[in-house]
$ cat query.cif   # mmCIF, C-alpha atoms
data_start
#
loop_
_atom_site.group_PDB
_atom_site.id
_atom_site.type_symbol
_atom_site.label_atom_id
_atom_site.label_comp_id
_atom_site.auth_asym_id
_atom_site.auth_seq_id
_atom_site.Cartn_x
_atom_site.Cartn_y
_atom_site.Cartn_z
ATOM 1 C CA LEU A 1 90.589 206.239 -77.936
ATOM 2 C CA MET A 2 93.425 208.674 -77.273
ATOM 3 C CA MET A 3 92.231 211.036 -79.968
ATOM 4 C CA ASN A 4 88.677 211.082 -78.585
ATOM 5 C CA VAL A 5 89.502 211.153 -74.875
ATOM 6 C CA LEU A 6 92.749 213.132 -74.808
ATOM 7 C CA GLY A 7 92.010 215.357 -77.768
ATOM 8 C CA VAL A 8 95.426 214.751 -79.345
ATOM 9 C CA SER A 9 96.182 214.576 -83.062
ATOM 10 C CA ASP A 10 96.278 211.337 -85.008
ATOM 11 C CA ASN A 11 100.091 211.439 -85.156
ATOM 12 C CA ASP A 12 100.454 212.147 -81.428
ATOM 13 C CA ALA A 13 97.967 209.392 -80.590
ATOM 14 C CA LYS A 14 99.892 206.902 -82.734
ATOM 15 C CA GLN A 15 103.209 207.907 -81.139
ATOM 16 C CA LEU A 16 101.769 207.509 -77.654
ATOM 17 C CA ALA A 17 100.264 204.126 -78.532
ATOM 18 C CA ASP A 18 103.630 202.989 -79.919
ATOM 19 C CA ASN A 19 105.329 204.089 -76.689
ATOM 20 C CA ILE A 20 102.802 202.147 -74.604
ATOM 21 C CA ILE A 21 103.388 198.986 -76.632
ATOM 22 C CA ASP A 22 107.145 199.501 -76.684
ATOM 23 C CA TRP A 23 107.276 199.649 -72.873
ATOM 24 C CA ARG A 24 105.951 196.097 -72.508
ATOM 25 C CA ASP A 25 107.507 194.453 -75.582
ATOM 26 C CA ILE A 26 110.472 192.236 -74.811
ATOM 27 C CA GLY A 27 113.371 192.800 -77.186
ATOM 28 C CA ARG A 28 111.702 195.516 -79.218
ATOM 29 C CA HIS A 29 112.826 198.948 -78.101
ATOM 30 C CA GLU A 30 112.830 201.091 -81.164
ATOM 31 C CA VAL A 31 109.946 203.446 -81.822
ATOM 32 C CA THR A 32 109.992 205.654 -84.895
ATOM 33 C CA GLY A 33 112.012 208.777 -84.231
ATOM 34 C CA PHE A 34 113.942 207.726 -81.125
ATOM 35 C CA PHE A 35 115.434 204.755 -79.314
ATOM 36 C CA SER A 36 113.201 204.310 -76.294
ATOM 37 C CA ASP A 37 115.895 202.621 -74.179
ATOM 38 C CA ASP A 38 118.122 205.660 -74.595
ATOM 39 C CA TYR A 39 115.275 208.053 -73.856
ATOM 40 C CA TYR A 40 114.464 206.533 -70.455
ATOM 41 C CA LYS A 41 118.121 206.082 -69.494
ATOM 42 C CA ASN A 42 118.885 209.736 -70.193
ATOM 43 C CA LEU A 43 116.144 211.235 -68.046
ATOM 44 C CA GLU A 44 117.095 213.294 -64.985
ATOM 45 C CA PHE A 45 115.960 210.331 -62.879
ATOM 46 C CA PRO A 46 116.557 207.409 -65.280
ATOM 47 C CA TYR A 47 114.896 204.013 -65.210
ATOM 48 C CA GLU A 48 114.861 200.856 -67.300
ATOM 49 C CA MET A 49 112.219 199.688 -69.731
ATOM 50 C CA LYS A 50 109.929 197.094 -68.151
ATOM 51 C CA ASP A 51 109.994 194.436 -70.890
ATOM 52 C CA ALA A 52 106.950 192.751 -69.335
ATOM 53 C CA PRO A 53 103.170 193.166 -69.212
ATOM 54 C CA TYR A 54 101.666 196.041 -67.278
ATOM 55 C CA GLU A 55 100.715 195.208 -63.698
ATOM 56 C CA ARG A 56 99.088 198.518 -62.760
ATOM 57 C CA PRO A 57 97.280 201.067 -64.927
ATOM 58 C CA ASP A 58 99.301 203.952 -63.495
ATOM 59 C CA GLU A 59 102.478 202.494 -64.997
ATOM 60 C CA LEU A 60 101.435 204.592 -67.982
ATOM 61 C CA LEU A 61 102.789 207.583 -66.086
ATOM 62 C CA LEU A 62 106.262 206.211 -66.836
ATOM 63 C CA ILE A 63 105.651 206.292 -70.579
ATOM 64 C CA LYS A 64 107.191 208.949 -72.807
ATOM 65 C CA GLY A 65 104.519 211.494 -73.692
ATOM 66 C CA MET A 66 102.058 210.591 -70.922
ATOM 67 C CA SER A 67 101.389 213.398 -68.427
ATOM 68 C CA ALA A 68 99.496 213.179 -65.136
ATOM 69 C CA ALA A 69 96.629 215.205 -66.621
ATOM 70 C CA MET A 70 96.398 212.886 -69.628
ATOM 71 C CA TYR A 71 96.464 209.813 -67.394
ATOM 72 C CA GLU A 72 93.561 211.115 -65.283
ATOM 73 C CA LYS A 73 91.496 211.476 -68.460
ATOM 74 C CA ILE A 74 92.352 208.065 -69.907
ATOM 75 C CA ALA A 75 92.269 206.055 -66.659
ATOM 76 C CA PRO A 76 88.489 205.358 -66.667
ATOM 77 C CA TYR A 77 88.816 203.671 -70.076
ATOM 78 C CA ILE A 78 91.760 201.330 -69.509
ATOM 79 C CA THR A 79 92.556 198.141 -67.630
ATOM 80 C CA VAL A 80 95.456 195.739 -67.207
ATOM 81 C CA ALA A 81 93.100 192.781 -66.662
ATOM 82 C CA GLY A 82 90.660 190.760 -68.715
ATOM 83 C CA ASP A 83 90.904 188.536 -71.760
ATOM 84 C CA GLY A 84 91.152 191.251 -74.400
ATOM 85 C CA ARG A 85 87.432 191.407 -75.136
ATOM 86 C CA VAL A 86 85.286 194.430 -74.299
ATOM 87 C CA ASN A 87 82.068 193.822 -72.391
ATOM 88 C CA VAL A 88 79.313 195.292 -74.547
ATOM 89 C CA ASN A 89 77.094 195.587 -71.462
ATOM 90 C CA THR A 90 79.429 198.087 -69.783
ATOM 91 C CA ALA A 91 81.517 199.621 -72.585
ATOM 92 C CA SER A 92 81.315 203.396 -72.875
ATOM 93 C CA PHE A 93 80.641 205.370 -76.033
ATOM 94 C CA ASN A 94 84.331 206.218 -76.448
ATOM 95 C CA ILE A 95 85.363 202.579 -76.135
ATOM 96 C CA LEU A 96 82.814 201.416 -78.709
ATOM 97 C CA VAL A 97 84.010 204.081 -81.141
ATOM 98 C CA ALA A 98 87.642 203.177 -80.466
ATOM 99 C CA LEU A 99 86.849 199.561 -81.360
ATOM 100 C CA GLY A 100 85.684 200.711 -84.784
ATOM 101 C CA LEU A 101 81.980 201.529 -84.586
ATOM 102 C CA ASP A 102 80.730 204.733 -86.160
ATOM 103 C CA ALA A 103 79.519 207.224 -83.558
ATOM 104 C CA ALA A 104 75.903 206.743 -84.665
ATOM 105 C CA VAL A 105 76.150 202.947 -84.308
ATOM 106 C CA ALA A 106 77.793 203.203 -80.894
ATOM 107 C CA GLU A 107 74.982 205.475 -79.730
ATOM 108 C CA LYS A 108 72.392 202.981 -80.996
ATOM 109 C CA VAL A 109 74.031 200.181 -78.999
ATOM 110 C CA LEU A 110 73.889 202.374 -75.900
ATOM 111 C CA GLN A 111 70.287 203.320 -76.625
ATOM 112 C CA ALA A 112 69.282 199.655 -76.792
ATOM 113 C CA ARG A 113 71.260 198.904 -73.637
ATOM 114 C CA ARG A 114 69.682 201.712 -71.588
ATOM 115 C CA GLY A 115 66.197 200.292 -71.982
ATOM 116 C CA PRO A 116 62.868 202.162 -72.258
ATOM 117 C CA ASP A 117 63.723 204.820 -69.664
ATOM 118 C CA GLY A 118 66.879 205.820 -71.561
ATOM 119 C CA ILE A 119 68.935 205.850 -68.357
ATOM 120 C CA GLU A 120 72.071 203.777 -67.784
ATOM 121 C CA ALA A 121 72.233 201.289 -64.874
ATOM 122 C CA THR A 122 68.523 201.049 -64.067
ATOM 123 C CA LYS A 123 66.242 198.048 -63.721
ATOM 124 C CA ASP A 124 64.928 198.161 -67.282
ATOM 125 C CA ASP A 125 68.359 198.000 -68.922
ATOM 126 C CA HIS A 126 68.733 195.477 -71.721
ATOM 127 C CA ILE A 127 71.431 192.870 -71.110
ATOM 128 C CA PHE A 128 73.240 191.219 -74.010
ATOM 129 C CA TYR A 129 73.979 187.572 -73.244
ATOM 130 C CA LYS A 130 75.356 186.380 -76.611
ATOM 131 C CA THR A 131 77.674 188.518 -78.682
ATOM 132 C CA PHE A 132 76.464 187.117 -82.001
ATOM 133 C CA ASP A 133 72.957 188.437 -81.205
ATOM 134 C CA ILE A 134 74.010 192.026 -80.494
ATOM 135 C CA ALA A 135 73.137 193.456 -83.912
ATOM 136 C CA SER A 136 69.715 191.809 -84.032
ATOM 137 C CA GLU A 137 68.898 192.828 -80.459
ATOM 138 C CA VAL A 138 69.926 196.433 -81.112
ATOM 139 C CA GLY A 139 67.911 196.355 -84.332
ATOM 140 C CA ALA A 140 64.815 195.313 -82.391
ATOM 141 C CA VAL A 141 64.985 198.597 -80.470
ATOM 142 C CA VAL A 142 66.335 201.091 -83.007
ATOM 143 C CA LYS A 143 66.649 200.797 -86.766
ATOM 144 C CA LEU A 144 69.986 199.473 -88.022
ATOM 145 C CA ASP A 145 70.792 199.387 -91.705
ATOM 146 C CA GLU A 146 72.844 196.557 -93.206
ATOM 147 C CA LYS A 147 76.100 198.496 -93.047
ATOM 148 C CA GLU A 148 75.612 199.278 -89.360
ATOM 149 C CA SER A 149 74.787 195.662 -88.527
ATOM 150 C CA ARG A 150 77.932 194.545 -90.321
ATOM 151 C CA GLN A 151 80.049 196.878 -88.176
ATOM 152 C CA ILE A 152 78.827 195.157 -85.013
ATOM 153 C CA ASP A 153 79.175 191.691 -86.518
ATOM 154 C CA ALA A 154 82.721 192.481 -87.672
ATOM 155 C CA LEU A 155 83.809 193.300 -84.123
ATOM 156 C CA ASN A 156 82.303 190.054 -82.915
ATOM 157 C CA LYS A 157 84.075 188.034 -85.618
ATOM 158 C CA MET A 158 87.390 189.599 -84.588
ATOM 159 C CA GLY A 159 86.767 188.436 -81.020
ATOM 160 C CA LEU A 160 86.701 191.974 -79.641
ATOM 161 C CA LEU A 161 83.293 191.783 -77.933
ATOM 162 C CA GLY A 162 82.215 189.950 -74.816
ATOM 163 C CA ALA A 163 78.994 189.858 -72.825
ATOM 164 C CA ASP A 164 80.349 189.410 -69.316
ATOM 165 C CA SER A 165 83.233 190.386 -67.062
ATOM 166 C CA PHE A 166 85.178 188.690 -64.315
ATOM 167 C CA GLU A 167 87.466 191.574 -63.330
ATOM 168 C CA TYR A 168 85.925 194.514 -61.494
ATOM 169 C CA SER A 169 87.585 197.702 -60.333
ATOM 170 C CA PHE A 170 86.499 200.385 -57.936
ATOM 171 C CA ARG A 171 87.748 203.650 -56.534
ATOM 172 C CA SER A 172 86.884 204.678 -52.988
ATOM 173 C CA GLN A 173 87.677 208.043 -51.440
ATOM 174 C CA VAL A 174 87.329 208.926 -47.747
ATOM 175 C CA ARG A 175 87.774 212.237 -45.999
ATOM 176 C CA ALA A 176 88.915 212.560 -42.394
ATOM 177 C CA SER A 177 86.561 214.306 -40.008
ATOM 178 C CA GLY A 178 87.646 217.477 -38.300
ATOM 179 C CA SER A 179 89.557 220.444 -39.569
ATOM 180 C CA SER A 180 92.305 218.578 -41.421
ATOM 181 C CA GLY A 181 90.031 217.335 -44.198
ATOM 182 C CA GLU A 182 92.721 214.847 -45.245
ATOM 183 C CA THR A 183 91.603 212.433 -47.942
ATOM 184 C CA LYS A 184 92.700 208.939 -48.873
ATOM 185 C CA THR A 185 91.869 207.213 -52.147
ATOM 186 C CA ILE A 186 91.900 203.453 -52.704
ATOM 187 C CA PHE A 187 92.005 201.814 -56.121
ATOM 188 C CA CYS A 188 91.191 198.108 -56.198
ATOM 189 C CA MET A 189 90.706 195.374 -58.802
ATOM 190 C CA ILE A 190 88.924 192.150 -57.883
ATOM 191 C CA ASN A 191 88.841 188.856 -59.784
ATOM 192 C CA ALA A 192 85.364 187.432 -59.350
ATOM 193 C CA LEU A 193 86.354 183.982 -60.650
ATOM 194 C CA ASN A 194 88.636 183.248 -57.733
ATOM 195 C CA ASN A 195 87.439 185.948 -55.315
ATOM 196 C CA LYS A 196 90.916 187.436 -55.257
ATOM 197 C CA ILE A 197 92.180 191.017 -55.056
ATOM 198 C CA ASP A 198 94.505 191.378 -58.029
ATOM 199 C CA TYR A 199 95.431 195.004 -57.459
ATOM 200 C CA TRP A 200 95.310 197.413 -54.522
ATOM 201 C CA TYR A 201 96.725 200.894 -54.431
ATOM 202 C CA GLU A 202 96.309 203.696 -51.889
ATOM 203 C CA LYS A 203 97.276 207.333 -52.038
#
$ encode --input "query.cif" --output "structure tokens"
Amino acid sequence: LMMNVLGVSDNDAKQLADNIIDWRDIGRHEVTGFFSDDYYKNLEFPYEMKDAPYERPDELLLIKGMSAAMYEKIAPYITVAGDGRVNVNTASFNILVALGLDAAVAEKVLQARRGPDGIEATKDDHIFYKTFDIASEVGAVVKLDEKESRQIDALNKMGLLGADSFEYSFRSQVRASGSSGETKTIFCMINALNNKIDYWYEK
């Protein structure tokens, strides 16, 4: 995902991923090439490692190697909520490829999902209801060979695919009337199971 979205090398992507994991891991603070505890403590404005799960996506801005520009690019593809599965009905091309699908297979899944008009989020979109039927349903729209079907089935067997979501996020931006033109942006995450706001951030 970081290679495709951020355009970084394989080594840089792996280092960044290690730093992201290291931030949340309790009792494990050594990433290849440096001691992460020492790195954060020796910054101009030092802070401690979190040693706990992420609560907000923008915590990534605290991670070694993550810049504001990189975060803006990666933010649409990440979440701190959910059960670890990716909803095949909403997953983007980059997410499907990051999970392990070849680019051609990911595009075929999207083609089947878009429906006859070929446009995302319209009335004729195909909805997947059961993850174990994804390959056969895609194959009914566009030809899948055996190898391509196995790629989709493999993700399902690993428990990486889902067909629904219960956490929804949105971003709302408003601009003040008049000459000031001041803007305010709200980021929110809602849990539809208990009708609860899990995350709210304004800037």
$ residues_around --input "query.cif" --residues "stretch 183-190 of chain A" --least-positions-apart "4" --cutoff "12 Å" --atoms "all atoms listed in the file" --output "MDAnalysis selection string"
chainID A and resid 55:58 75:76 79:82 165:179 194:203
$ resolve_selection --input "query.cif" --expression "the PyMOL selection byres ((chain A and resi 113) around 10)" --output "list in words"
Val88, Asn89, Thr90, Glu107, Lys108, Val109, Leu110, Gln111, Ala112, Arg114, Gly115, Pro116, Gly118, Ile119, Glu120, Ala121, Asp124, Asp125, His126, Ile127, Phe128, Glu137, Val138 and Val141 of chain A
$ atom_distance --input "query.cif" --atom1 "atom CA of A:Ile152" --atom2 "atom CA of A:Asn87"
13.1 Å
$ atom_distance --input "query.cif" --atom1 "atom CA of A:Arg150" --atom2 "atom CA of A:Met2"
24.7 Å
$ residues_near_point --input "query.cif" --point "(100.3, 212.2, -80.4)" --cutoff "12 Å" --atoms "only C-alpha atoms" --output "count of residues only"
23
$ closest_residue --input "query.cif" --among "A:Val5, A:Ile134, A:Ala192, A:Val105" --to "A:Ala69" --atoms "all atoms listed in the file"
A:Val5
$ resolve_selection --input "query.cif" --expression "the PyMOL selection byres ((chain A and resi 95) around 10)" --output "MDAnalysis selection string"
chainID A and resid 1 4:5 77:78 86 88 90:94 96:101 106
$ decode --input "query.cif" --residues "stretch 80-92 of chain A" --atoms "all heavy atoms" --output "PDB file, in the first residue's frame"
ATOM      1  N   VAL A  80      -8.584   3.108  11.947  1.00  0.00           N
ATOM      2  CA  VAL A  80      -8.211   2.532  13.237  1.00  0.00           C
ATOM      3  C   VAL A  80      -9.356   1.673  13.773  1.00  0.00           C
ATOM      4  O   VAL A  80      -9.307   1.202  14.902  1.00  0.00           O
ATOM      5  CB  VAL A  80      -7.856   3.628  14.266  1.00  0.00           C
ATOM      6  CG1 VAL A  80      -6.612   4.372  13.824  1.00  0.00           C
ATOM      7  CG2 VAL A  80      -9.017   4.591  14.477  1.00  0.00           C
ATOM      8  N   ALA A  81     -10.400   1.497  12.973  1.00  0.00           N
ATOM      9  CA  ALA A  81     -11.591   0.760  13.401  1.00  0.00           C
ATOM     10  C   ALA A  81     -11.746  -0.526  12.588  1.00  0.00           C
ATOM     11  O   ALA A  81     -10.921  -0.835  11.731  1.00  0.00           O
ATOM     12  CB  ALA A  81     -12.833   1.640  13.231  1.00  0.00           C
ATOM     13  N   GLY A  82     -12.804  -1.243  12.876  1.00  0.00           N
ATOM     14  CA  GLY A  82     -13.110  -2.449  12.115  1.00  0.00           C
ATOM     15  C   GLY A  82     -12.596  -3.712  12.767  1.00  0.00           C
ATOM     16  O   GLY A  82     -12.014  -3.690  13.849  1.00  0.00           O
ATOM     17  N   ASP A  83     -12.812  -4.823  12.076  1.00  0.00           N
ATOM     18  CA  ASP A  83     -12.439  -6.133  12.622  1.00  0.00           C
ATOM     19  C   ASP A  83     -11.248  -6.740  11.894  1.00  0.00           C
ATOM     20  O   ASP A  83     -10.950  -7.916  12.070  1.00  0.00           O
ATOM     21  CB  ASP A  83     -13.637  -7.090  12.558  1.00  0.00           C
ATOM     22  CG  ASP A  83     -14.160  -7.287  11.141  1.00  0.00           C
ATOM     23  OD1 ASP A  83     -13.539  -6.759  10.188  1.00  0.00           O
ATOM     24  OD2 ASP A  83     -15.195  -7.961  10.979  1.00  0.00           O
ATOM     25  N   GLY A  84     -10.577  -5.950  11.077  1.00  0.00           N
ATOM     26  CA  GLY A  84      -9.407  -6.451  10.360  1.00  0.00           C
ATOM     27  C   GLY A  84      -9.701  -6.922   8.957  1.00  0.00           C
ATOM     28  O   GLY A  84      -8.782  -7.133   8.163  1.00  0.00           O
ATOM     29  N   ARG A  85     -10.981  -7.091   8.630  1.00  0.00           N
ATOM     30  CA  ARG A  85     -11.346  -7.496   7.269  1.00  0.00           C
ATOM     31  C   ARG A  85     -11.608  -6.262   6.412  1.00  0.00           C
ATOM     32  O   ARG A  85     -12.016  -5.219   6.911  1.00  0.00           O
ATOM     33  CB  ARG A  85     -12.582  -8.390   7.285  1.00  0.00           C
ATOM     34  CG  ARG A  85     -12.411  -9.689   8.056  1.00  0.00           C
ATOM     35  CD  ARG A  85     -13.667 -10.521   8.007  1.00  0.00           C
ATOM     36  NE  ARG A  85     -14.806  -9.770   8.526  1.00  0.00           N
ATOM     37  CZ  ARG A  85     -16.071 -10.005   8.177  1.00  0.00           C
ATOM     38  NH1 ARG A  85     -16.362 -10.944   7.298  1.00  0.00           N
ATOM     39  NH2 ARG A  85     -17.047  -9.289   8.703  1.00  0.00           N
ATOM     40  N   VAL A  86     -11.394  -6.402   5.115  1.00  0.00           N
ATOM     41  CA  VAL A  86     -11.626  -5.315   4.170  1.00  0.00           C
ATOM     42  C   VAL A  86     -12.931  -5.575   3.430  1.00  0.00           C
ATOM     43  O   VAL A  86     -13.140  -6.659   2.885  1.00  0.00           O
ATOM     44  CB  VAL A  86     -10.455  -5.212   3.168  1.00  0.00           C
ATOM     45  CG1 VAL A  86     -10.785  -4.227   2.052  1.00  0.00           C
ATOM     46  CG2 VAL A  86      -9.183  -4.795   3.896  1.00  0.00           C
ATOM     47  N   ASN A  87     -13.798  -4.596   3.425  1.00  0.00           N
ATOM     48  CA  ASN A  87     -15.090  -4.716   2.754  1.00  0.00           C
ATOM     49  C   ASN A  87     -14.886  -4.681   1.250  1.00  0.00           C
ATOM     50  O   ASN A  87     -14.506  -3.656   0.688  1.00  0.00           O
ATOM     51  CB  ASN A  87     -16.017  -3.574   3.197  1.00  0.00           C
ATOM     52  CG  ASN A  87     -17.426  -3.724   2.662  1.00  0.00           C
ATOM     53  OD1 ASN A  87     -17.685  -4.511   1.747  1.00  0.00           O
ATOM     54  ND2 ASN A  87     -18.346  -2.972   3.223  1.00  0.00           N
ATOM     55  N   VAL A  88     -15.150  -5.796   0.588  1.00  0.00           N
ATOM     56  CA  VAL A  88     -14.933  -5.895  -0.851  1.00  0.00           C
ATOM     57  C   VAL A  88     -15.882  -4.982  -1.627  1.00  0.00           C
ATOM     58  O   VAL A  88     -15.617  -4.638  -2.779  1.00  0.00           O
ATOM     59  CB  VAL A  88     -15.077  -7.367  -1.316  1.00  0.00           C
ATOM     60  CG1 VAL A  88     -16.545  -7.807  -1.252  1.00  0.00           C
ATOM     61  CG2 VAL A  88     -14.509  -7.561  -2.716  1.00  0.00           C
ATOM     62  N   ASN A  89     -16.964  -4.555  -0.998  1.00  0.00           N
ATOM     63  CA  ASN A  89     -17.921  -3.678  -1.677  1.00  0.00           C
ATOM     64  C   ASN A  89     -17.474  -2.217  -1.699  1.00  0.00           C
ATOM     65  O   ASN A  89     -18.057  -1.402  -2.425  1.00  0.00           O
ATOM     66  CB  ASN A  89     -19.296  -3.776  -1.010  1.00  0.00           C
ATOM     67  CG  ASN A  89     -19.970  -5.104  -1.276  1.00  0.00           C
ATOM     68  OD1 ASN A  89     -20.165  -5.488  -2.420  1.00  0.00           O
ATOM     69  ND2 ASN A  89     -20.297  -5.827  -0.216  1.00  0.00           N
ATOM     70  N   THR A  90     -16.475  -1.871  -0.915  1.00  0.00           N
ATOM     71  CA  THR A  90     -16.016  -0.478  -0.871  1.00  0.00           C
ATOM     72  C   THR A  90     -14.510  -0.337  -1.059  1.00  0.00           C
ATOM     73  O   THR A  90     -14.027   0.782  -1.223  1.00  0.00           O
ATOM     74  CB  THR A  90     -16.395   0.175   0.475  1.00  0.00           C
ATOM     75  OG1 THR A  90     -15.825  -0.588   1.553  1.00  0.00           O
ATOM     76  CG2 THR A  90     -17.909   0.230   0.654  1.00  0.00           C
ATOM     77  N   ALA A  91     -13.772  -1.427  -1.032  1.00  0.00           N
ATOM     78  CA  ALA A  91     -12.313  -1.367  -1.124  1.00  0.00           C
ATOM     79  C   ALA A  91     -11.870  -0.764  -2.453  1.00  0.00           C
ATOM     80  O   ALA A  91     -12.427  -1.065  -3.510  1.00  0.00           O
ATOM     81  CB  ALA A  91     -11.722  -2.761  -0.963  1.00  0.00           C
ATOM     82  N   SER A  92     -10.852   0.088  -2.380  1.00  0.00           N
ATOM     83  CA  SER A  92     -10.313   0.711  -3.585  1.00  0.00           C
ATOM     84  C   SER A  92      -9.344  -0.239  -4.296  1.00  0.00           C
ATOM     85  O   SER A  92      -8.946  -1.278  -3.759  1.00  0.00           O
ATOM     86  CB  SER A  92      -9.573   1.994  -3.207  1.00  0.00           C
ATOM     87  OG  SER A  92      -8.405   1.676  -2.462  1.00  0.00           O
TER      88      SER A  92
END
